[in-house]
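Notes follow once the structure below has been shown.
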Amino acid sequence: MIDILKKAKVYIDFGNHTGKDRIPREAAMLECCVITGRRGIAKYREDVPIPENYKIEDKVENIPLILSKKYETVLITLRKGLQTLKIIEVL
């Protein structure tokens, strides 16, 4: 799982979150953008410490918002990559 998360940019989990979840925490530590629902303990900042605007209720009408968060993260990652390339070119 760690190898997969190292390659990933976005981790989305709309599970029931019945206990303190390790995978969202590990994904965040490996610099993935974490998007969760608000079920179970995911609604509590202490248990899933990600910004509230990345905790989205899993309703059909929220699909555009969920996708926008995913694409926003990909764009940020691409920008970081381009900045890194520019730095390498200068060196």
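Ordered as shown in the structure tokens, chains take letters A, B, and onward, while each chain numbers its residues from 1 and ligands are numbered from 1 in the order shown.
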- Item | For A:Asp47: contacts at 12 Å, only C-alpha atoms, fewer than 2 positions along chain excluded, given as a PyMOL selection string | chain A and resi 17-25+36+38-45+49-50
Just write the chosen residues, C-alpha atoms, as a PDB file, in the first residue's frame.
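Contents of the output file part.pdb:
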```pdb
ATOM      1  CA  HIS A  17     -14.692   5.437   8.959  1.00  0.00           C
ATOM      2  CA  THR A  18     -15.663   3.352  11.964  1.00  0.00           C
ATOM      3  CA  GLY A  19     -12.330   3.782  13.766  1.00  0.00           C
ATOM      4  CA  LYS A  20      -9.227   5.928  13.657  1.00  0.00           C
ATOM      5  CA  ASP A  21      -8.128   5.419  10.035  1.00  0.00           C
ATOM      6  CA  ARG A  22      -4.453   4.975   9.258  1.00  0.00           C
ATOM      7  CA  ILE A  23      -4.653   5.034   5.474  1.00  0.00           C
ATOM      8  CA  PRO A  24      -5.845   8.658   5.118  1.00  0.00           C
ATOM      9  CA  ARG A  25      -3.117   9.712   7.581  1.00  0.00           C
ATOM     10  CA  THR A  36     -12.904  12.024   2.526  1.00  0.00           C
ATOM     11  CA  ARG A  38     -18.074  12.987   6.586  1.00  0.00           C
ATOM     12  CA  ARG A  39     -19.232   9.580   7.820  1.00  0.00           C
ATOM     13  CA  GLY A  40     -18.178   8.124  11.146  1.00  0.00           C
ATOM     14  CA  ILE A  41     -15.069   9.597  12.698  1.00  0.00           C
ATOM     15  CA  ALA A  42     -14.084  11.367   9.465  1.00  0.00           C
ATOM     16  CA  LYS A  43     -16.269  14.262  10.582  1.00  0.00           C
ATOM     17  CA  TYR A  44     -13.916  14.899  13.538  1.00  0.00           C
ATOM     18  CA  ARG A  45     -10.726  16.885  12.949  1.00  0.00           C
ATOM     19  CA  PRO A  49      -6.901  15.945  10.471  1.00  0.00           C
ATOM     20  CA  ILE A  50      -7.375  17.352   6.976  1.00  0.00           C
TER      21      ILE A  50
END
```
Item to complete: Assign secondary structure with DSSP using the backbone only, and return the residues of stretch 10-57 of chain A in alpha helix (DSSP H) as a ChimeraX atom specification.
Response: /A:22-29
Write the residues of the preceding selection, restricted to C-alpha atoms, as a short mmCIF file (atom, residue, chain, number, x, y, z; two decimals), in the first residue's frame.
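The result, written out as out_10.cif:
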```cif
data_model
loop_
_atom_site.label_atom_id
_atom_site.label_comp_id
_atom_site.auth_asym_id
_atom_site.auth_seq_id
_atom_site.Cartn_x
_atom_site.Cartn_y
_atom_site.Cartn_z
CA ARG A 22 -4.45 4.97 9.26
CA ILE A 23 -4.65 5.03 5.47
CA PRO A 24 -5.84 8.66 5.12
CA ARG A 25 -3.12 9.71 7.58
CA GLU A 26 -0.44 7.74 5.73
CA ALA A 27 -1.62 9.16 2.41
CA ALA A 28 -1.32 12.69 3.79
CA MET A 29 2.17 11.97 5.17
#
```
Identify, on the basis of only C-alpha atoms, every residue whose closest approach to stretch 57-65 of chain A does not exceed 7 Å; exclude the query and any residue fewer than 4 positions from it along the same chain; express the result as a list of chain:residue names.
-> A:Phe14, A:Gly37, A:Arg38, A:Lys69
Margin query: Using only C-alpha atoms, can you tell me which of A:Ile35, A:Val48, A:Met1, A:Leu30 comes closest to A:Asp13?
Written below: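 Nearest candidate to A:Asp13 out of A:Ile35, A:Val48, A:Met1, A:Leu30: A:Ile35.
Pairwise distance (atom CA of A:Glu72, atom CA of A:Asn53) equals 12.6 Å.
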Between atom CA of A:Cys32 and atom CA of A:Ser68 lies a distance of 15.4 Å
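Counting only C-alpha atoms, the residue from A:Val10, A:Leu5, A:Ile66, A:Ile56 that sits nearest to A:Val34 is A:Val10.
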